[in-house]
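Peer 1: Handing you a structure now.
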Amino acid sequence: MDAFTTGILQRIRTTESDLRRARESGDEFLVDVEQAELEDLRRLAAEHGVEVAATPH
């Protein structure tokens, strides 16, 4: 696995965790921010052929 793949997958995992915490805390603004970040990261990964396992919301 190259550095890009490792980095993007780590950023996705971190953002998923941050999104989960935002949902648990009820911070709707932060949920929106983290969801947008996650969508951008997944799009970037797909554009570079990095497979990302889907996680439940």
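Every chain in the structure tokens has a letter given in the order shown (A, B, ...), and although residue numbers restart at 1 in each chain, ligands are simply numbered from 1 in the order shown.
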Could you list, as a list in words, every residue within 9 Å of Ile12 in chain A, counting only C-alpha atoms and ignoring same-chain residues fewer than 6 positions away?
Peer 2: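 Counting only the stated atoms, we get Glu37, Leu38, Leu41, Arg42 and Val52 of chain A.
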Peer 1: Would you list, as number ranges by chain, the residues of chain A that end up in helix (DSSP H, G or I) under DSSP run on this structure's backbone?
Peer 2: A: 3-25, 28-47
Peer 1: Quick one: write out the picked residues with C-alpha atoms as a CSV table (one decimal), in the first residue's frame?
Peer 2:
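Saved to out.csv:
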chain,number,residue,atom,x,y,z
A,3,ALA,CA,1.6,6.5,1.2
A,4,PHE,CA,-1.4,8.1,-0.6
A,5,THR,CA,-3.6,5.1,0.0
A,6,THR,CA,-2.6,4.7,3.6
A,7,GLY,CA,-3.1,8.4,4.3
A,8,ILE,CA,-6.5,8.7,2.6
A,9,LEU,CA,-7.8,5.6,4.4
A,10,GLN,CA,-6.6,6.9,7.7
A,11,ARG,CA,-8.3,10.3,7.1
A,12,ILE,CA,-11.5,8.5,6.2
A,13,ARG,CA,-11.4,6.4,9.4
A,14,THR,CA,-10.7,9.6,11.5
A,15,THR,CA,-13.5,11.5,9.8
A,16,GLU,CA,-15.9,8.6,10.3
A,17,SER,CA,-15.0,8.6,14.0
A,18,ASP,CA,-15.4,12.4,14.3
A,19,LEU,CA,-18.8,12.1,12.5
A,20,ARG,CA,-19.9,9.5,15.0
A,21,ARG,CA,-19.0,11.7,17.9
A,22,ALA,CA,-20.7,14.7,16.4
A,23,ARG,CA,-23.9,12.7,16.0
A,24,GLU,CA,-23.7,11.4,19.5
A,25,SER,CA,-23.3,14.9,20.9
A,28,GLU,CA,-25.9,19.2,13.8
A,29,PHE,CA,-23.5,21.8,12.3
A,30,LEU,CA,-20.5,19.6,13.0
A,31,VAL,CA,-22.4,16.6,11.6
A,32,ASP,CA,-22.9,18.5,8.4
A,33,VAL,CA,-19.2,19.5,8.3
A,34,GLU,CA,-17.9,16.0,9.0
A,35,GLN,CA,-20.4,14.4,6.5
A,36,ALA,CA,-19.2,16.8,3.7
A,37,GLU,CA,-15.5,16.1,4.6
A,38,LEU,CA,-16.2,12.3,4.5
A,39,GLU,CA,-18.0,12.6,1.1
A,40,ASP,CA,-15.0,14.6,-0.3
A,41,LEU,CA,-12.5,12.0,1.0
A,42,ARG,CA,-14.5,9.1,-0.5
A,43,ARG,CA,-14.7,10.9,-3.8
A,44,LEU,CA,-11.0,11.6,-3.8
A,45,ALA,CA,-10.3,8.0,-2.9
A,46,ALA,CA,-12.6,6.7,-5.8
A,47,GLU,CA,-10.9,9.1,-8.3
